[in-house]
>>> print(open('upload_0.txt').read())   # compact mmCIF, C-alpha atoms
# COMPACT_ATOMS: atom_id res chain seq x y z
CA MET A 1 -1.30 13.08 13.57
CA GLN A 2 -1.87 10.80 16.55
CA ALA A 3 -4.80 8.63 17.62
CA THR A 4 -4.56 6.70 20.91
CA ASN A 5 -6.85 5.79 23.79
CA LYS A 6 -6.14 9.23 25.26
CA GLU A 7 -6.60 10.96 21.93
CA PRO A 8 -9.47 8.98 20.30
CA SER A 9 -9.78 7.86 16.73
CA ILE A 10 -9.64 10.28 13.82
CA GLN A 11 -12.45 9.84 11.29
CA ASN A 12 -13.04 11.38 7.85
CA ALA A 13 -10.14 13.83 8.11
CA VAL A 14 -8.90 15.49 4.92
CA PHE A 15 -5.55 17.28 4.74
CA GLU A 16 -5.38 19.12 1.44
CA LYS A 17 -3.07 21.65 -0.23
CA ASN A 18 -0.78 22.25 2.76
CA THR A 19 2.86 23.32 2.49
CA ILE A 20 5.28 21.85 5.03
CA LYS A 21 8.88 23.10 4.98
CA ASN A 22 12.04 22.22 6.88
CA SER A 23 10.43 19.94 9.48
CA GLY A 24 12.79 18.64 12.16
CA ASP A 25 11.32 15.11 11.88
CA SER A 26 9.01 13.83 9.15
CA GLY A 27 6.86 16.21 7.14
CA ILE A 28 3.76 14.14 7.96
CA LEU A 29 4.13 11.63 10.81
CA ILE A 30 1.22 9.30 11.59
CA LEU A 31 1.31 7.34 14.84
CA GLY A 32 -0.91 5.90 17.53
CA SER A 33 -2.89 2.77 18.28
CA ASP A 34 -6.49 3.86 17.63
CA THR A 35 -8.16 3.96 14.22
CA ILE A 36 -7.31 6.73 11.76
CA ASP A 37 -9.40 7.36 8.63
CA ALA A 38 -7.79 10.19 6.67
CA THR A 39 -6.96 11.45 3.20
CA PHE A 40 -3.86 13.47 2.31
CA LEU A 41 -4.28 15.22 -1.02
CA LYS A 42 -2.02 17.63 -2.93
CA ASN A 43 0.25 18.50 0.01
CA ASP A 44 3.76 19.84 -0.69
CA ILE A 45 6.50 18.70 1.68
CA ASP A 46 9.91 20.31 1.29
CA ASN A 47 13.16 19.35 3.05
CA PRO A 48 11.95 17.15 5.95
CA ALA A 49 14.79 15.92 8.20
CA LEU A 50 13.62 12.28 8.06
CA TYR A 51 10.70 11.18 5.87
CA GLY A 52 8.29 13.13 3.74
CA ILE A 53 5.42 10.93 4.97
CA ARG A 54 5.93 8.28 7.67
CA ILE A 55 3.35 5.78 9.00
CA LEU A 56 4.45 3.93 12.14
CA SER A 57 3.83 0.22 12.69
CA THR A 58 1.01 0.62 15.26
CA VAL A 59 -1.26 2.67 12.97
CA SER A 60 -4.58 1.11 11.94
CA GLY A 61 -7.46 2.34 9.81
CA LYS A 62 -7.64 3.69 6.26
CA LEU A 63 -5.14 6.18 4.86
CA ASN A 64 -5.14 7.61 1.34
CA PHE A 65 -2.20 9.57 -0.09
CA LEU A 66 -2.78 11.08 -3.53
CA LYS A 67 -0.94 13.75 -5.52
CA ASN A 68 1.38 14.75 -2.66
CA THR A 69 4.92 15.90 -3.47
CA VAL A 70 8.07 15.46 -1.37
CA LYS A 71 11.37 17.20 -2.12
CA SER A 72 14.73 16.54 -0.45
CA ALA A 73 13.65 14.06 2.24
CA GLY A 74 16.45 13.02 4.61
CA ASN A 75 15.50 9.31 4.45
CA ALA A 76 12.71 8.60 1.94
CA PRO A 77 9.67 10.41 0.53
CA PHE A 78 7.15 7.77 1.73
CA SER A 79 7.53 5.10 4.43
CA ASN A 80 4.72 2.80 5.56
CA ALA A 81 5.76 0.50 8.44
CA SER A 82 2.19 -0.51 9.37
CA THR A 83 0.98 -4.04 8.69
CA ILE A 84 -2.56 -3.31 9.86
CA ALA A 85 -3.55 -0.05 8.16
CA ARG A 86 -5.17 -0.05 4.73
CA VAL A 87 -2.90 2.33 2.85
CA ILE A 88 -3.38 3.57 -0.70
CA SER A 89 -0.65 5.72 -2.15
CA ASP A 90 0.57 6.89 -5.52
CA MET A 91 4.08 7.16 -4.02
CA PRO A 92 6.44 4.17 -3.75
CA ASN A 93 6.96 2.70 -0.29
CA ASP A 94 10.48 2.89 1.15
CA PRO A 95 11.99 -0.62 0.78
CA ASN A 96 13.47 -0.22 4.29
CA ALA A 97 10.12 0.66 5.89
CA GLY A 98 9.91 -2.61 7.83
CA ASP A 99 6.89 -4.85 7.50
CA GLY A 100 4.66 -2.13 6.05
CA GLY A 101 2.68 -3.37 3.14
CA SER A 102 2.77 -7.06 3.98
CA GLY A 103 -0.21 -9.15 4.93
CA GLU A 104 -3.73 -8.19 3.91
CA ASP A 105 -3.04 -4.46 3.71
CA TYR A 106 -0.32 -2.98 1.59
CA VAL A 107 0.46 -0.14 -0.76
CA ALA A 108 -1.28 -0.53 -4.13
CA VAL A 109 0.21 1.83 -6.67
CA GLN A 110 -1.94 4.14 -8.74
CA GLY A 111 -1.33 3.73 -12.44
CA SER A 112 -2.10 1.66 -15.53
CA PRO A 113 0.57 -0.93 -16.36
CA ALA A 114 1.01 -2.20 -19.90
CA ILE A 115 -0.63 -5.62 -20.35
CA ASP A 116 2.03 -7.17 -22.58
CA GLY A 117 3.72 -9.95 -20.60
CA VAL A 118 6.60 -7.67 -19.56
CA VAL A 119 6.95 -6.44 -15.96
CA ASP A 120 7.22 -2.66 -16.26
CA SER A 121 8.67 -0.26 -13.69
CA LEU A 122 5.25 0.77 -12.30
CA TRP A 123 5.12 -2.49 -10.31
CA GLN A 124 8.20 -1.53 -8.24
CA ASN A 125 6.03 1.04 -6.44
CA SER A 126 3.51 -1.53 -5.19
CA SER A 127 4.19 -3.55 -2.03
CA LEU A 128 5.02 -7.21 -2.46
CA LEU A 129 2.34 -9.59 -1.12
CA GLN A 130 3.46 -13.15 -0.31
CA LEU A 131 1.00 -15.80 -1.52
CA ASN A 132 0.24 -19.05 0.28
CA THR A 133 2.63 -21.96 -0.28
CA ASP A 134 1.12 -25.34 -1.21
CA GLU A 135 2.27 -28.79 -0.07
CA ASN A 136 4.39 -29.22 -3.23
CA GLY A 137 6.41 -26.10 -2.46
CA THR A 138 4.75 -23.83 -5.01
CA THR A 139 5.19 -20.22 -3.92
CA GLY A 140 4.53 -16.82 -5.36
CA THR A 141 4.06 -13.12 -4.91
CA SER A 142 1.58 -10.55 -6.08
CA ARG A 143 1.49 -6.81 -6.56
CA ILE A 144 -1.55 -4.61 -7.18
CA ALA A 145 -2.08 -1.42 -9.16
CA TRP A 146 -5.23 0.56 -9.83
CA ASP A 147 -6.63 3.36 -11.92
CA ASP A 148 -10.05 4.99 -12.20
CA SER A 149 -11.54 2.03 -14.06
CA ALA A 150 -9.62 -1.15 -13.16
CA LEU A 151 -7.57 -3.18 -10.70
CA TYR A 152 -4.37 -4.79 -12.05
CA TYR A 153 -2.59 -7.77 -10.53
CA LEU A 154 0.94 -8.99 -11.17
CA PHE A 155 1.46 -12.60 -10.10
CA GLN A 156 4.91 -14.20 -10.11
CA ILE A 157 4.72 -17.92 -9.30
CA GLN A 158 7.45 -20.53 -8.77
CA ASP A 159 6.07 -24.03 -9.41
CA ALA A 160 8.23 -27.15 -9.81
CA THR A 161 5.18 -29.40 -10.33
CA PRO A 162 2.79 -27.74 -12.81
CA ASN A 163 -0.74 -29.18 -12.73
CA ALA A 164 -3.34 -28.24 -15.31
CA VAL A 165 -5.53 -31.35 -15.44
CA SER A 166 -8.07 -30.75 -12.65
CA THR A 167 -11.46 -29.26 -13.40
CA ASN A 168 -11.77 -27.21 -10.22
CA GLU A 169 -9.70 -24.99 -7.95
CA ASN A 170 -7.26 -27.83 -7.23
CA ASN A 171 -5.67 -26.99 -10.56
CA ASP A 172 -2.69 -24.64 -10.56
CA SER A 173 -4.53 -21.36 -10.20
CA VAL A 174 -4.72 -18.04 -8.45
CA GLU A 175 -7.91 -16.78 -6.81
CA VAL A 176 -8.61 -13.09 -6.31
CA TRP A 177 -11.50 -12.06 -4.11
CA VAL A 178 -12.40 -8.38 -4.15
CA ASP A 179 -14.86 -7.24 -1.49
CA GLU A 180 -16.44 -10.68 -1.23
CA THR A 181 -18.86 -9.57 1.50
CA ASN A 182 -19.79 -6.37 -0.39
CA ALA A 183 -18.59 -4.34 2.59
>>> encode(input="upload_0.txt", output="structure tokens")
Amino acid sequence: MQATNKEPSIQNAVFEKNTIKNSGDSGILILGSDTIDATFLKNDIDNPALYGIRILSTVSGKLNFLKNTVKSAGNAPFSNASTIARVISDMPNDPNAGDGGSGEDYVAVQGSPAIDGVVDSLWQNSSLLQLNTDENGTTGTSRIAWDDSALYYLFQIQDATPNAVSTNENNDSVEVWVDETNA
């Protein structure tokens, strides 16, 4: 799938219940520099030479990958190298995919983690998001998961100077804004 200035944007595309076998490259390869809005649902990819699903770094838009299966991929089942596309997938991102998943758009894993203070294995499938660092050197990361009824956030913070005395947002805290402009 390619969207460029020569081949304009792709909008509202749905690829569902396809079987892709023995591809010489990636089973599904998404590239280009124009906007792509597409959903890939219940596709079976068998024995691709490189990746089952590969999103290149220049891809922008919204991509949803749900209930796809990949068998015997040469490199990895799913690889998102884009930092500008909004990607939702129930497959883990290849850790060697490059910068995919960093910044404001990343892979949020589908699933319901246990809320028990223990980091379970589901979180490994969600891209790591670096949080802002404050002037005292406090840093942290976040991961996101979702299911049909909730969003889940995992925050891991390193703070050498804990502060819990302020009455406003200057306290040690994390803010999450979800669709603040109702867009």
>>> atom_distance(input="upload_0.txt", atom1="CA of Phe15 (chain A)", atom2="CA of Asn43 (chain A)")
7.6 Å
>>> closest_residue(input="upload_0.txt", among="A:Ser127, A:Ser121, A:Ser33, A:Gln156", to="Ser79 (chain A)", atoms="only C-alpha atoms")
A:Ser127
>>> residues_around(input="upload_0.txt", residues="region 49-51 of chain A", least_positions_apart="2", cutoff="12 Å", atoms="all atoms listed in the file", output="PyMOL selection string")
chain A and resi 20-30+45-47+53-56+69-80+93-94+96-97
>>> write_last_selection(input="upload_0.txt", atoms="C-alpha atoms", output="PDB file, in the frame of the given file")
ATOM      1  CA  ILE A  20       5.280  21.850   5.030  1.00  0.00           C
ATOM      2  CA  LYS A  21       8.880  23.100   4.980  1.00  0.00           C
ATOM      3  CA  ASN A  22      12.040  22.220   6.880  1.00  0.00           C
ATOM      4  CA  SER A  23      10.430  19.940   9.480  1.00  0.00           C
ATOM      5  CA  GLY A  24      12.790  18.640  12.160  1.00  0.00           C
ATOM      6  CA  ASP A  25      11.320  15.110  11.880  1.00  0.00           C
ATOM      7  CA  SER A  26       9.010  13.830   9.150  1.00  0.00           C
ATOM      8  CA  GLY A  27       6.860  16.210   7.140  1.00  0.00           C
ATOM      9  CA  ILE A  28       3.760  14.140   7.960  1.00  0.00           C
ATOM     10  CA  LEU A  29       4.130  11.630  10.810  1.00  0.00           C
ATOM     11  CA  ILE A  30       1.220   9.300  11.590  1.00  0.00           C
ATOM     12  CA  ILE A  45       6.500  18.700   1.680  1.00  0.00           C
ATOM     13  CA  ASP A  46       9.910  20.310   1.290  1.00  0.00           C
ATOM     14  CA  ASN A  47      13.160  19.350   3.050  1.00  0.00           C
ATOM     15  CA  ILE A  53       5.420  10.930   4.970  1.00  0.00           C
ATOM     16  CA  ARG A  54       5.930   8.280   7.670  1.00  0.00           C
ATOM     17  CA  ILE A  55       3.350   5.780   9.000  1.00  0.00           C
ATOM     18  CA  LEU A  56       4.450   3.930  12.140  1.00  0.00           C
ATOM     19  CA  THR A  69       4.920  15.900  -3.470  1.00  0.00           C
ATOM     20  CA  VAL A  70       8.070  15.460  -1.370  1.00  0.00           C
ATOM     21  CA  LYS A  71      11.370  17.200  -2.120  1.00  0.00           C
ATOM     22  CA  SER A  72      14.730  16.540  -0.450  1.00  0.00           C
ATOM     23  CA  ALA A  73      13.650  14.060   2.240  1.00  0.00           C
ATOM     24  CA  GLY A  74      16.450  13.020   4.610  1.00  0.00           C
ATOM     25  CA  ASN A  75      15.500   9.310   4.450  1.00  0.00           C
ATOM     26  CA  ALA A  76      12.710   8.600   1.940  1.00  0.00           C
ATOM     27  CA  PRO A  77       9.670  10.410   0.530  1.00  0.00           C
ATOM     28  CA  PHE A  78       7.150   7.770   1.730  1.00  0.00           C
ATOM     29  CA  SER A  79       7.530   5.100   4.430  1.00  0.00           C
ATOM     30  CA  ASN A  80       4.720   2.800   5.560  1.00  0.00           C
ATOM     31  CA  ASN A  93       6.960   2.700  -0.290  1.00  0.00           C
ATOM     32  CA  ASP A  94      10.480   2.890   1.150  1.00  0.00           C
ATOM     33  CA  ASN A  96      13.470  -0.220   4.290  1.00  0.00           C
ATOM     34  CA  ALA A  97      10.120   0.660   5.890  1.00  0.00           C
TER      35      ALA A  97
END
>>> atom_distance(input="upload_0.txt", atom1="CA of Ile88 (chain A)", atom2="CA of Ile36 (chain A)")
13.4 Å
>>> atom_distance(input="upload_0.txt", atom1="CA of Thr83 (chain A)", atom2="CA of Gln124 (chain A)")
18.6 Å
>>> closest_atom_pairs(input="upload_0.txt", of="region 63-160 of chain A", to="region 172-178 of chain A", cutoff="10 Å", atoms="only C-alpha atoms", output="tab-separated table")
residue	atom	partner	partner_atom	distance
A:Leu131	CA	A:Val174	CA	9.3
A:Thr138	CA	A:Asp172	CA	9.3
A:Gly140	CA	A:Val174	CA	9.8
A:Leu151	CA	A:Val178	CA	9.7
A:Tyr153	CA	A:Val176	CA	9.1
A:Phe155	CA	A:Val174	CA	8.4
A:Ile157	CA	A:Val174	CA	9.5
A:Asp159	CA	A:Asp172	CA	8.9
>>> closest_residue(input="upload_0.txt", among="A:Leu154, A:Leu31, A:Ala81, A:Ile10", to="Val119 (chain A)", atoms="only C-alpha atoms")
A:Leu154
